[in-house]
>>> print(open('final.txt').read())   # compact mmCIF, C-alpha atoms
# COMPACT_ATOMS: atom_id res chain seq x y z
CA MET A 1162 0.00 0.00 0.00
CA LEU A 1163 1.47 3.33 -1.11
CA ALA A 1164 -1.06 5.68 0.51
CA ARG A 1165 0.67 8.44 2.44
CA SER A 1166 0.50 11.94 3.85
CA ASN A 1167 3.17 14.57 3.25
CA LYS A 1168 3.67 18.24 3.96
CA ILE A 1169 3.90 20.79 1.18
CA ILE A 1170 5.65 23.98 2.23
CA HIS A 1171 5.20 27.03 0.01
CA PRO A 1172 8.06 29.57 -0.32
CA LEU A 1173 5.78 32.03 1.51
CA GLY A 1174 5.86 29.69 4.51
CA ILE A 1175 2.32 28.34 4.12
CA GLU A 1176 2.19 24.64 4.98
CA LEU A 1177 -0.37 22.17 3.67
CA GLU A 1178 -0.69 18.46 4.26
CA THR A 1179 -1.73 15.81 1.77
CA PRO A 1180 -4.05 14.31 0.81
CA LEU A 1181 -5.39 17.44 -0.86
CA LEU A 1182 -8.84 17.41 -2.46
CA VAL A 1183 -8.84 20.50 -4.67
CA PRO A 1184 -12.07 22.02 -6.02
CA SER A 1185 -11.54 23.26 -9.58
CA PHE A 1186 -13.10 26.14 -11.48
CA SER A 1187 -13.16 26.28 -15.30
CA SER A 1188 -15.22 28.00 -17.97
CA LYS A 1189 -15.14 24.81 -20.05
CA GLY A 1190 -18.35 22.86 -19.74
CA PHE A 1191 -20.27 25.83 -18.38
CA GLY A 1192 -22.20 28.63 -20.05
CA PHE A 1193 -21.46 32.35 -20.06
CA LYS A 1194 -23.38 35.25 -18.63
CA ASP A 1195 -23.34 38.98 -19.42
CA LYS A 1196 -20.08 40.87 -19.34
CA ILE A 1197 -19.25 42.55 -16.07
CA LYS A 1198 -18.22 46.19 -15.88
CA ASP A 1199 -14.89 47.00 -17.57
CA SER A 1200 -14.54 43.47 -18.98
CA LEU A 1201 -14.05 42.91 -22.71
CA PHE A 1202 -14.88 39.21 -22.50
CA ASP A 1203 -17.79 37.06 -21.46
CA VAL A 1204 -17.78 35.98 -17.84
CA SER A 1205 -18.37 32.31 -17.09
CA GLU A 1206 -21.36 31.35 -14.99
CA VAL A 1207 -18.91 29.35 -12.87
CA THR A 1208 -17.91 32.66 -11.25
CA ASP A 1209 -21.22 32.58 -9.37
CA ALA A 1210 -20.17 29.27 -7.80
CA LEU A 1211 -16.77 30.74 -6.96
CA GLU A 1212 -18.33 33.76 -5.27
CA PHE A 1213 -20.72 31.57 -3.29
CA SER A 1214 -18.18 28.93 -2.29
CA LYS A 1215 -15.62 31.41 -0.93
CA GLU A 1216 -17.46 31.04 2.36
CA PHE A 1217 -16.58 27.34 2.47
CA LEU A 1218 -13.24 26.91 0.67
CA THR A 1219 -10.17 27.68 2.75
CA GLU A 1220 -7.36 25.25 1.88
CA SER A 1221 -6.95 25.16 -1.91
CA LEU A 1222 -8.58 25.62 -5.30
CA LEU A 1223 -7.54 25.33 -8.95
CA VAL A 1224 -8.22 27.95 -11.61
CA SER A 1225 -7.03 28.20 -15.21
CA ALA A 1226 -4.64 30.88 -16.39
CA TYR A 1227 -6.58 30.88 -19.66
CA ASP A 1228 -9.75 31.89 -17.79
CA LEU A 1229 -7.88 34.55 -15.80
CA PHE A 1230 -6.27 35.98 -18.94
CA TYR A 1231 -9.59 36.33 -20.76
CA ALA A 1232 -11.49 37.31 -17.58
CA HIS A 1233 -13.88 34.39 -17.99
CA ILE A 1234 -13.06 34.06 -14.30
CA PRO A 1235 -11.98 37.56 -13.22
CA TYR A 1236 -9.18 37.83 -10.69
CA ILE A 1237 -10.85 39.10 -7.54
CA GLU A 1238 -8.79 39.01 -4.36
CA SER A 1239 -11.76 38.31 -2.11
CA THR A 1240 -12.89 35.22 -4.04
CA LEU A 1241 -9.51 33.64 -4.80
CA CYS A 1242 -8.86 33.48 -1.09
CA THR A 1243 -7.74 29.93 -0.25
CA ASP A 1244 -4.36 29.21 1.36
CA LEU A 1245 -3.04 27.77 -1.93
CA ILE A 1246 -4.19 28.46 -5.49
CA ILE A 1247 -3.12 26.09 -8.26
CA ILE A 1248 -2.77 27.98 -11.55
CA ASP A 1249 -3.41 25.55 -14.37
CA SER A 1250 -1.80 26.38 -17.69
CA GLY A 1251 -4.95 26.33 -19.82
CA GLY A 1252 -4.42 23.06 -21.67
CA TYR A 1253 -7.83 21.77 -20.63
CA GLU A 1254 -9.64 24.90 -21.82
CA CYS A 1255 -7.85 25.18 -25.19
CA GLY A 1256 -7.89 21.49 -26.14
CA ASN A 1257 -10.59 19.16 -27.42
CA ILE A 1258 -10.34 16.81 -24.44
CA TYR A 1259 -12.83 16.57 -21.61
CA ASP A 1260 -12.52 15.02 -18.18
CA LEU A 1261 -14.26 11.74 -17.44
CA SER A 1262 -17.11 13.47 -15.58
CA THR A 1263 -18.23 15.42 -18.66
CA ILE A 1264 -21.79 14.74 -19.75
CA THR A 1265 -22.37 17.76 -22.03
CA LYS A 1266 -19.95 19.36 -24.48
CA PHE A 1267 -20.84 23.01 -24.98
CA ASN A 1268 -19.77 24.81 -28.12
CA TYR A 1269 -16.62 26.49 -26.90
CA ASP A 1270 -15.29 29.65 -28.53
CA LEU A 1271 -11.58 28.90 -28.35
CA LYS A 1272 -9.35 31.95 -28.20
CA PRO A 1273 -5.62 32.16 -28.97
CA TRP A 1274 -3.44 30.75 -26.21
CA ASP A 1275 0.32 30.39 -25.91
CA LEU A 1276 3.16 30.37 -23.42
CA ALA A 1277 3.62 34.14 -23.58
CA GLN A 1278 0.02 34.70 -22.54
CA PHE A 1279 0.43 32.18 -19.72
CA LYS A 1280 3.48 34.09 -18.50
CA THR A 1281 1.49 37.32 -18.61
CA VAL A 1282 -0.84 35.86 -15.99
CA LEU A 1283 2.07 34.61 -13.89
CA ASP A 1284 3.90 37.95 -14.12
CA LYS A 1285 0.85 39.70 -12.66
CA TRP A 1286 0.35 37.18 -9.86
CA PRO A 1287 0.46 38.94 -6.46
CA GLN A 1288 3.60 38.09 -4.51
CA HIS A 1289 1.63 37.69 -1.29
CA LYS A 1290 -0.69 35.06 -2.80
CA ALA A 1291 0.57 31.47 -2.48
CA GLY A 1292 0.47 29.95 -5.95
CA MET A 1293 1.42 26.65 -7.56
CA ILE A 1294 2.17 26.73 -11.29
CA VAL A 1295 1.26 23.83 -13.57
CA SER A 1296 3.69 23.37 -16.46
CA PHE A 1297 2.52 24.74 -19.80
CA ASP A 1298 0.25 22.47 -21.82
CA HIS A 1299 -1.51 23.64 -24.95
CA GLY A 1300 -4.30 21.15 -25.34
CA ASN A 1301 -3.49 19.15 -28.45
CA HIS A 1302 0.19 20.05 -28.84
CA ARG A 1303 2.67 17.30 -28.07
CA LEU A 1304 6.33 17.17 -27.03
CA ALA A 1305 8.76 14.37 -26.24
CA LEU A 1306 8.97 13.80 -22.48
CA ALA A 1307 12.54 15.12 -22.27
CA ASP A 1308 11.40 18.34 -23.93
CA GLN A 1309 8.42 18.57 -21.57
CA ILE A 1310 10.80 18.33 -18.62
CA SER A 1311 13.20 20.89 -20.06
CA SER A 1312 10.43 23.38 -20.87
CA ALA A 1313 8.92 22.97 -17.41
CA ASN A 1314 12.24 23.59 -15.66
CA GLU A 1315 12.82 26.70 -17.75
CA LEU A 1316 9.38 28.04 -16.79
CA PHE A 1317 9.65 27.20 -13.10
CA ASP A 1318 13.13 28.75 -12.83
CA LYS A 1319 11.58 32.11 -13.68
CA TYR A 1320 8.94 31.86 -10.94
CA GLN A 1321 10.78 30.50 -7.93
CA GLY A 1322 8.39 32.24 -5.55
CA MET A 1323 5.77 29.65 -6.47
CA LEU A 1324 5.49 25.89 -6.15
CA SER A 1325 5.99 23.82 -9.31
CA ASN A 1326 3.63 21.16 -10.64
CA PHE A 1327 4.93 19.22 -13.64
CA LEU A 1328 2.07 17.77 -15.68
CA ILE A 1329 3.17 14.73 -17.72
CA LYS A 1330 1.44 14.50 -21.11
CA PRO A 1331 1.38 12.07 -24.06
CA GLU A 1332 4.30 12.70 -26.37
CA THR A 1333 2.78 12.43 -29.86
CA LYS A 1334 -0.62 13.27 -31.35
CA ASP A 1335 -1.43 9.61 -31.95
CA GLN A 1336 -0.82 8.68 -28.30
CA LYS A 1337 -3.96 8.63 -26.19
CA TYR A 1338 -2.14 7.79 -22.96
CA VAL A 1339 1.03 8.82 -21.16
CA GLN A 1340 3.88 6.45 -21.99
CA ILE A 1341 4.57 5.11 -18.50
CA ASN A 1342 7.74 3.22 -19.48
CA ASN A 1343 9.24 6.48 -20.77
CA VAL A 1344 8.29 8.15 -17.49
CA LEU A 1345 10.00 5.39 -15.49
CA ASP A 1346 13.12 5.61 -17.67
CA GLN A 1347 13.45 9.35 -16.96
CA ILE A 1348 12.26 9.34 -13.35
CA LYS A 1349 15.52 10.83 -12.01
CA SER A 1350 14.78 14.03 -13.97
CA PHE A 1351 11.70 14.64 -11.83
CA ASN A 1352 13.69 15.58 -8.72
CA THR A 1353 13.37 19.33 -9.38
CA PHE A 1354 9.56 19.44 -9.15
CA ASN A 1355 7.45 20.06 -6.05
CA VAL A 1356 4.49 18.10 -7.45
CA ILE A 1357 4.14 15.69 -10.37
CA GLY A 1358 0.83 15.59 -12.25
CA LEU A 1359 -1.01 13.16 -14.51
CA THR A 1360 -4.50 13.53 -15.97
CA GLU A 1361 -6.90 10.74 -15.08
CA ARG A 1362 -8.08 10.09 -18.63
CA GLU A 1363 -4.49 9.85 -19.95
CA LEU A 1364 -3.41 7.23 -17.39
CA GLY A 1365 -5.17 4.22 -18.92
CA ASN A 1366 -8.38 2.69 -20.20
CA SER A 1367 -9.75 1.43 -16.86
CA ILE A 1368 -9.62 2.33 -13.19
CA LEU A 1369 -7.41 -0.71 -12.60
CA HIS A 1370 -5.01 0.30 -15.37
CA ARG A 1371 -4.82 3.82 -13.97
CA MET A 1372 -4.20 2.54 -10.43
CA LEU A 1373 -1.40 0.28 -11.66
CA ASN A 1374 0.27 3.16 -13.50
CA ILE A 1375 0.01 5.44 -10.45
CA HIS A 1376 1.60 2.64 -8.40
CA LYS A 1377 4.47 2.23 -10.89
CA VAL A 1378 5.28 5.95 -10.95
CA ARG A 1379 5.05 6.28 -7.16
CA GLN A 1380 7.31 3.27 -6.59
CA ALA A 1381 9.87 4.62 -9.06
CA LEU A 1382 9.85 8.04 -7.37
CA ASP A 1383 10.29 6.44 -3.96
CA ALA A 1384 13.25 4.42 -5.24
CA GLU A 1385 14.95 7.71 -6.16
CA ASN A 1386 13.95 9.37 -2.85
CA ILE A 1387 11.76 11.85 -4.71
CA VAL A 1388 8.95 12.77 -2.30
CA ALA A 1389 7.00 15.03 -4.68
CA PRO A 1390 3.29 14.11 -4.38
CA LEU A 1391 1.40 12.74 -7.38
CA HIS A 1392 -1.48 14.94 -8.51
CA ILE A 1393 -4.28 13.33 -10.53
CA PHE A 1394 -5.99 15.99 -12.62
CA GLY A 1395 -9.69 15.52 -13.32
CA SER A 1396 -10.36 13.08 -10.48
CA LEU A 1397 -12.42 14.39 -7.58
CA ASP A 1398 -15.18 12.01 -6.63
CA PRO A 1399 -16.00 9.67 -3.72
CA VAL A 1400 -14.84 6.49 -5.49
CA THR A 1401 -11.79 7.04 -7.68
CA SER A 1402 -10.10 9.59 -5.42
CA ILE A 1403 -9.95 6.98 -2.66
CA LEU A 1404 -8.76 4.20 -4.98
CA TYR A 1405 -6.07 6.38 -6.56
CA TYR A 1406 -5.01 7.46 -3.08
CA LEU A 1407 -4.52 3.84 -2.04
CA ALA A 1408 -2.41 3.35 -5.18
CA GLY A 1409 -0.07 6.23 -4.28
CA ALA A 1410 -1.55 9.55 -5.42
CA GLU A 1411 -1.98 12.43 -2.95
CA ILE A 1412 -3.60 15.41 -4.72
CA PHE A 1413 -6.88 15.30 -6.61
CA ASP A 1414 -8.78 18.02 -8.43
CA GLY A 1415 -11.80 18.13 -10.69
CA LEU A 1416 -15.13 19.69 -11.59
CA THR A 1417 -17.45 16.93 -10.35
CA TRP A 1418 -18.15 18.91 -7.18
CA LEU A 1419 -19.74 21.63 -9.36
CA LYS A 1420 -21.43 19.36 -11.89
CA PHE A 1421 -22.95 16.86 -9.47
CA ALA A 1422 -23.96 16.43 -5.85
CA TYR A 1423 -22.08 13.99 -3.62
CA PHE A 1424 -24.48 11.62 -1.92
CA ASN A 1425 -23.29 8.55 0.00
CA SER A 1426 -20.66 6.96 -2.25
CA GLY A 1427 -21.80 8.53 -5.52
CA ALA A 1428 -22.00 11.73 -7.51
CA ILE A 1429 -25.65 12.19 -8.51
CA TYR A 1430 -27.62 14.70 -10.58
CA THR A 1431 -27.97 17.88 -8.57
CA SER A 1432 -31.75 17.97 -9.11
CA ASN A 1433 -32.03 14.52 -7.53
CA PHE A 1434 -30.09 15.77 -4.53
CA GLY A 1435 -33.04 18.03 -3.73
CA VAL A 1436 -35.31 15.01 -3.55
CA LEU A 1437 -32.97 12.87 -1.45
CA HIS A 1438 -31.77 15.51 1.00
CA GLU A 1439 -34.00 15.64 4.07
CA ASP A 1440 -33.84 19.43 4.36
CA LEU A 1441 -34.91 20.14 0.77
CA GLY A 1442 -37.53 18.22 -1.23
CA ILE A 1443 -39.28 18.65 -4.56
CA MET A 1444 -40.63 22.13 -3.75
CA THR A 1445 -37.15 23.64 -3.39
CA LYS A 1446 -36.12 25.94 -6.23
CA ASP A 1447 -33.32 24.73 -8.50
CA ALA A 1448 -31.00 27.61 -7.55
CA ASN A 1449 -31.34 26.78 -3.87
CA VAL A 1450 -30.73 23.08 -4.49
CA LYS A 1451 -27.57 23.97 -6.44
CA SER A 1452 -26.28 26.22 -3.67
CA MET A 1453 -26.98 23.61 -1.02
CA ALA A 1454 -25.22 20.94 -3.12
CA ILE A 1455 -22.08 23.09 -3.46
CA ALA A 1456 -22.00 23.77 0.27
CA LYS A 1457 -22.55 20.11 1.14
CA ASN A 1458 -19.97 18.99 -1.42
CA THR A 1459 -17.26 21.09 0.21
CA TYR A 1460 -18.13 19.55 3.56
CA TYR A 1461 -18.06 16.09 1.98
CA LEU A 1462 -14.57 16.68 0.54
CA ASP A 1463 -13.28 17.69 3.96
CA LYS A 1464 -14.81 14.60 5.51
CA MET A 1465 -13.28 12.39 2.83
CA LYS A 1466 -9.85 13.95 3.32
CA TYR A 1467 -9.84 13.31 7.05
CA THR A 1468 -11.17 9.79 6.53
CA MET A 1469 -8.20 9.13 4.24
CA LYS A 1470 -5.86 10.36 6.97
CA ASP A 1471 -7.59 8.19 9.57
CA PHE A 1472 -7.17 5.19 7.28
CA LEU A 1473 -3.40 5.80 7.22
CA ARG A 1474 -3.28 5.41 11.00
CA LEU A 1475 -5.75 2.58 11.48
CA LYS A 1476 -5.64 0.64 8.17
CA ASP A 1477 -9.36 -0.11 8.56
CA PHE A 1478 -11.37 -0.08 5.32
CA ASN A 1479 -14.60 0.22 7.31
CA LEU A 1480 -13.67 3.84 7.97
CA PHE A 1481 -14.75 4.63 4.43
CA ASP A 1482 -18.33 3.85 5.47
CA ASN A 1483 -18.18 7.33 7.04
CA VAL A 1484 -18.22 8.91 3.58
CA GLY A 1485 -19.97 6.26 1.48
CA GLY A 1486 -22.48 4.66 3.79
CA PRO A 1487 -22.69 1.11 5.16
CA GLY A 1488 -20.74 -1.38 3.06
CA PHE A 1489 -18.77 1.21 1.10
CA GLY A 1490 -15.54 0.34 2.90
CA ALA A 1491 -15.99 -3.32 1.95
CA ILE A 1492 -16.43 -2.33 -1.70
CA ILE A 1493 -13.25 -0.25 -1.59
CA GLU A 1494 -11.38 -3.14 0.04
CA LYS A 1495 -12.63 -5.63 -2.55
CA ASN A 1496 -11.45 -3.45 -5.42
CA PHE A 1497 -8.17 -2.72 -3.67
CA ARG A 1498 -7.57 -6.47 -3.38
CA THR A 1499 -8.24 -6.81 -7.11
CA PHE A 1500 -5.64 -4.12 -7.69
CA THR A 1501 -3.01 -5.75 -5.46
CA SER A 1502 -3.58 -9.14 -7.10
CA ASN A 1503 -2.61 -7.56 -10.44
CA LEU A 1504 0.66 -6.03 -9.23
>>> encode(input="final.txt", output="structure tokens")
Amino acid sequence: MLARSNKIIHPLGIELETPLLVPSFSSKGFGFKDKIKDSLFDVSEVTDALEFSKEFLTESLLVSAYDLFYAHIPYIESTLCTDLIIIDSGGYECGNIYDLSTITKFNYDLKPWDLAQFKTVLDKWPQHKAGMIVSFDHGNHRLALADQISSANELFDKYQGMLSNFLIKPETKDQKYVQINNVLDQIKSFNTFNVIGLTERELGNSILHRMLNIHKVRQALDAENIVAPLHIFGSLDPVTSILYYLAGAEIFDGLTWLKFAYFNSGAIYTSNFGVLHEDLGIMTKDANVKSMAIAKNTYYLDKMKYTMKDFLRLKDFNLFDNVGGPGFGAIIEKNFRTFTSNL
């Protein structure tokens, strides 16, 4: 079992402890509303969720530099107020890929995006705000892994006041998945990064395959005494986050917490949450159900994080019943045993 907890210390002195469950905000997959004052671009409706959830989010969040650059998510000090903010490079917004939770693909007016524009966002980042930079990824562009590493180091060297998060990507346009053997061959080159990232959908064609690849990378990092946590992009739900954690990952982000409502061990349609939640019911207005789901989801993520930490101490799968209901821990254990039997 490679589950663990580590401390991440920001150059500003802020200290966080893994596992980290990071709520993400992105204009992709959401509609737009009217322009706000002094903005040249459409503002994403996801900004309403960001404004509302600032009352609940304290530890971390992820936002795209692409959205900040085009003011789809305007930079407002009072809303981007968590201890750590992960600044994604915009690859998700400017590519034709979607995370595994996507159920609707909106027509998306893609605007120009390049490394210079990404750096413009980073250059304006307030020095007092603890940030973590994700290495530059332009959606459908591909580079050999050695070039990805070199480009990331060059970028991170310029912004040493922030934490670095190297996102490993497929190397050619015909590759659907990250080439894990290439990653293992070059694992020593990862010792300069604070965090090492992989997207869930690019790790393999099944949960088992993805768990095995997480395990391989984590074992290889441990063999080189590289303690940088593994960050799985696009995975933030009650099932896979726990399974990937048991396989060796420590940081998880995604949009499921905005798209769905967490209920027992699943992520359900938000409208159904109004029916199932004892304080709501079918008479509750959709907007109120949505707000309640966001608030409850943030509470759920906190509960899941502390359950993961308790599991590290006690090694008792039944603890996961606390977040998934009776029998959920047994389901997690059964699937974990399937995973270990395939190692």
>>> closest_residue(input="final.txt", among="A:Leu1276, A:Leu1480, A:Leu1222, A:Val1344", to="Trp1418 (chain A)", atoms="all atoms listed in the file")
A:Leu1222
>>> closest_atom_pairs(input="final.txt", of="region 1373-1473 of chain A", to="region 1204-1217 of chain A", cutoff="10 Å", atoms="all atoms listed in the file", output="Markdown table")
| residue | atom | partner | partner_atom | distance |
| --- | --- | --- | --- | --- |
| A:Leu1419 | CA | A:Ala1210 | CA | 7.8 |
| A:Lys1451 | CA | A:Ala1210 | CA | 9.2 |
| A:Ser1452 | CA | A:Phe1213 | CA | 7.7 |
| A:Ile1455 | CA | A:Ser1214 | CA | 7.1 |
| A:Ala1456 | CA | A:Phe1217 | CA | 6.9 |
| A:Lys1457 | CA | A:Phe1217 | CA | 9.5 |
| A:Asn1458 | CA | A:Phe1217 | CA | 9.8 |
| A:Thr1459 | CA | A:Phe1217 | CA | 6.7 |
| A:Tyr1460 | CA | A:Phe1217 | CA | 8.0 |
>>> closest_residue(input="final.txt", among="A:Val1183, A:Phe1351, A:Asp1398, A:Leu1304", to="Phe1413 (chain A)", atoms="only C-alpha atoms")
A:Val1183
>>> axis_aligned_box(input="final.txt", around="region 1490-1498 of chain A", padding_each_side="3 Å", output="lines of an AutoDock Vina configuration file")
center_x = -12.0
center_y = -3.1
center_z = -1.3
size_x = 14.9
size_y = 12.8
size_z = 14.3
>>> atom_distance(input="final.txt", atom1="CA of His1438 (chain A)", atom2="CA of Ile1493 (chain A)")
24.5 Å
>>> closest_atom_pairs(input="final.txt", of="region 1323-1353 of chain A", to="region 1241-1246 of chain A", cutoff="12 Å", atoms="all atoms listed in the file", output="CSV")
residue,atom,partner,partner_atom,distance
A:Met1323,CA,A:Ile1246,CA,10.1
A:Leu1324,CA,A:Leu1245,CA,9.7
A:Ser1325,CA,A:Ile1246,CA,11.8
A:Asn1326,CA,A:Ile1246,CA,11.9
>>> closest_atom_pairs(input="final.txt", of="region 1300-1419 of chain A", to="region 1168-1179 of chain A", cutoff="10 Å", atoms="all atoms listed in the file", output="JSON lines")
{"residue": "A:Gln1321", "atom": "CA", "partner": "A:Pro1172", "partner_atom": "CA", "distance": 8.1}
{"residue": "A:Gly1322", "atom": "CA", "partner": "A:Pro1172", "partner_atom": "CA", "distance": 5.9}
{"residue": "A:Met1323", "atom": "CA", "partner": "A:Pro1172", "partner_atom": "CA", "distance": 6.6}
{"residue": "A:Leu1324", "atom": "CA", "partner": "A:His1171", "partner_atom": "CA", "distance": 6.3}
{"residue": "A:Ser1325", "atom": "CA", "partner": "A:His1171", "partner_atom": "CA", "distance": 9.9}
{"residue": "A:Asn1355", "atom": "CA", "partner": "A:Ile1169", "partner_atom": "CA", "distance": 8.1}
{"residue": "A:Val1356", "atom": "CA", "partner": "A:Ile1169", "partner_atom": "CA", "distance": 9.1}
{"residue": "A:Val1388", "atom": "CA", "partner": "A:Lys1168", "partner_atom": "CA", "distance": 9.8}
{"residue": "A:Ala1389", "atom": "CA", "partner": "A:Ile1169", "partner_atom": "CA", "distance": 8.8}
{"residue": "A:Pro1390", "atom": "CA", "partner": "A:Thr1179", "partner_atom": "CA", "distance": 8.1}
{"residue": "A:Ala1410", "atom": "CA", "partner": "A:Thr1179", "partner_atom": "CA", "distance": 9.5}
{"residue": "A:Glu1411", "atom": "CA", "partner": "A:Thr1179", "partner_atom": "CA", "distance": 5.8}
{"residue": "A:Ile1412", "atom": "CA", "partner": "A:Thr1179", "partner_atom": "CA", "distance": 6.8}
{"residue": "A:Phe1413", "atom": "CA", "partner": "A:Thr1179", "partner_atom": "CA", "distance": 9.8}
>>> closest_residue(input="final.txt", among="A:Gly1415, A:Thr1401, A:Asp1318, A:Gly1252", to="Thr1353 (chain A)", atoms="all atoms listed in the file")
A:Asp1318
>>> atom_distance(input="final.txt", atom1="CA of Gln1309 (chain A)", atom2="CA of Ser1350 (chain A)")
10.9 Å
>>> closest_residue(input="final.txt", among="A:Ala1305, A:Pro1287, A:Phe1297, A:Asp1203", to="Lys1272 (chain A)", atoms="all atoms listed in the file")
A:Asp1203
>>> atom_distance(input="final.txt", atom1="CA of Asp1275 (chain A)", atom2="CA of Ala1313 (chain A)")
14.2 Å
>>> closest_residue(input="final.txt", among="A:Phe1191, A:Phe1354, A:Tyr1227, A:Phe1481", to="Asn1314 (chain A)", atoms="all atoms listed in the file")
A:Phe1354
>>> residues_near_point(input="final.txt", point="(-9.3, 15.7, -1.9)", cutoff="8 Å", atoms="all atoms listed in the file", output="PyMOL selection string")
chain A and resi 1180-1183+1397+1402+1412-1414+1462-1463+1465-1466
>>> residues_around(input="final.txt", residues="region 1424-1427 of chain A", least_positions_apart="3", cutoff="9 Å", atoms="all atoms listed in the file", output="list of chain:residue names")
A:Asp1398, A:Pro1399, A:Val1400, A:Phe1434, A:Leu1437, A:His1438, A:Asn1458, A:Tyr1461, A:Asp1482, A:Asn1483, A:Val1484, A:Gly1485, A:Gly1486, A:Phe1489
>>> residues_around(input="final.txt", residues="Leu1504 (chain A)", least_positions_apart="5", cutoff="10 Å", atoms="only C-alpha atoms", output="list in words")
Met1372, Leu1373, His1376, Lys1377 and Thr1499 of chain A
>>> residues_near_point(input="final.txt", point="(-4.3, 23.0, -14.3)", cutoff="9 Å", atoms="all atoms listed in the file", output="mmCIF file with C-alpha atoms, keeping the file's coordinate frame")
data_model
loop_
_atom_site.group_PDB
_atom_site.id
_atom_site.type_symbol
_atom_site.label_atom_id
_atom_site.label_comp_id
_atom_site.auth_asym_id
_atom_site.auth_seq_id
_atom_site.Cartn_x
_atom_site.Cartn_y
_atom_site.Cartn_z
ATOM 1 C CA SER A 1185 -11.540 23.260 -9.580
ATOM 2 C CA LEU A 1223 -7.540 25.330 -8.950
ATOM 3 C CA VAL A 1224 -8.220 27.950 -11.610
ATOM 4 C CA SER A 1225 -7.030 28.200 -15.210
ATOM 5 C CA ALA A 1226 -4.640 30.880 -16.390
ATOM 6 C CA ILE A 1247 -3.120 26.090 -8.260
ATOM 7 C CA ILE A 1248 -2.770 27.980 -11.550
ATOM 8 C CA ASP A 1249 -3.410 25.550 -14.370
ATOM 9 C CA SER A 1250 -1.800 26.380 -17.690
ATOM 10 C CA GLY A 1251 -4.950 26.330 -19.820
ATOM 11 C CA GLY A 1252 -4.420 23.060 -21.670
ATOM 12 C CA TYR A 1253 -7.830 21.770 -20.630
ATOM 13 C CA ILE A 1294 2.170 26.730 -11.290
ATOM 14 C CA VAL A 1295 1.260 23.830 -13.570
ATOM 15 C CA SER A 1296 3.690 23.370 -16.460
ATOM 16 C CA PHE A 1297 2.520 24.740 -19.800
ATOM 17 C CA ASP A 1298 0.250 22.470 -21.820
ATOM 18 C CA ASN A 1326 3.630 21.160 -10.640
ATOM 19 C CA LEU A 1328 2.070 17.770 -15.680
ATOM 20 C CA PHE A 1394 -5.990 15.990 -12.620
ATOM 21 C CA ASP A 1414 -8.780 18.020 -8.430
#
>>> closest_residue(input="final.txt", among="A:Glu1385, A:Glu1238, A:Asp1228, A:Asp1471", to="Ile1348 (chain A)", atoms="all atoms listed in the file")
A:Glu1385
>>> decode(input="final.txt", residues="region 1439-1448 of chain A", atoms="N, CA, C and O atoms", output="PDB file, in the first residue's frame")
ATOM      1  N   GLU A1439     -32.865  15.502   3.153  1.00  0.00           N
ATOM      2  CA  GLU A1439     -34.000  15.636   4.070  1.00  0.00           C
ATOM      3  C   GLU A1439     -34.415  17.078   4.318  1.00  0.00           C
ATOM      4  O   GLU A1439     -35.556  17.350   4.700  1.00  0.00           O
ATOM      5  N   ASP A1440     -33.509  18.027   4.108  1.00  0.00           N
ATOM      6  CA  ASP A1440     -33.842  19.430   4.361  1.00  0.00           C
ATOM      7  C   ASP A1440     -34.400  20.156   3.136  1.00  0.00           C
ATOM      8  O   ASP A1440     -34.742  21.336   3.229  1.00  0.00           O
ATOM      9  N   LEU A1441     -34.476  19.468   1.997  1.00  0.00           N
ATOM     10  CA  LEU A1441     -34.906  20.137   0.772  1.00  0.00           C
ATOM     11  C   LEU A1441     -36.264  19.596   0.310  1.00  0.00           C
ATOM     12  O   LEU A1441     -37.281  19.956   0.856  1.00  0.00           O
ATOM     13  N   GLY A1442     -36.272  18.744  -0.721  1.00  0.00           N
ATOM     14  CA  GLY A1442     -37.530  18.224  -1.229  1.00  0.00           C
ATOM     15  C   GLY A1442     -37.888  18.807  -2.578  1.00  0.00           C
ATOM     16  O   GLY A1442     -37.218  19.717  -3.088  1.00  0.00           O
ATOM     17  N   ILE A1443     -38.950  18.314  -3.171  1.00  0.00           N
ATOM     18  CA  ILE A1443     -39.276  18.653  -4.556  1.00  0.00           C
ATOM     19  C   ILE A1443     -39.793  20.087  -4.722  1.00  0.00           C
ATOM     20  O   ILE A1443     -39.866  20.589  -5.847  1.00  0.00           O
ATOM     21  N   MET A1444     -40.129  20.760  -3.640  1.00  0.00           N
ATOM     22  CA  MET A1444     -40.628  22.126  -3.746  1.00  0.00           C
ATOM     23  C   MET A1444     -39.498  23.154  -3.758  1.00  0.00           C
ATOM     24  O   MET A1444     -39.724  24.332  -4.039  1.00  0.00           O
ATOM     25  N   THR A1445     -38.279  22.720  -3.470  1.00  0.00           N
ATOM     26  CA  THR A1445     -37.146  23.643  -3.391  1.00  0.00           C
ATOM     27  C   THR A1445     -36.742  24.106  -4.781  1.00  0.00           C
ATOM     28  O   THR A1445     -36.612  23.301  -5.712  1.00  0.00           O
ATOM     29  N   LYS A1446     -36.518  25.384  -4.941  1.00  0.00           N
ATOM     30  CA  LYS A1446     -36.121  25.944  -6.230  1.00  0.00           C
ATOM     31  C   LYS A1446     -34.742  25.438  -6.645  1.00  0.00           C
ATOM     32  O   LYS A1446     -33.879  25.204  -5.813  1.00  0.00           O
ATOM     33  N   ASP A1447     -34.556  25.295  -7.966  1.00  0.00           N
ATOM     34  CA  ASP A1447     -33.319  24.733  -8.498  1.00  0.00           C
ATOM     35  C   ASP A1447     -32.080  25.481  -7.999  1.00  0.00           C
ATOM     36  O   ASP A1447     -31.068  24.872  -7.661  1.00  0.00           O
ATOM     37  N   ALA A1448     -32.162  26.812  -7.974  1.00  0.00           N
ATOM     38  CA  ALA A1448     -31.002  27.606  -7.554  1.00  0.00           C
ATOM     39  C   ALA A1448     -30.633  27.300  -6.112  1.00  0.00           C
ATOM     40  O   ALA A1448     -29.436  27.229  -5.766  1.00  0.00           O
TER      41      ALA A1448
END
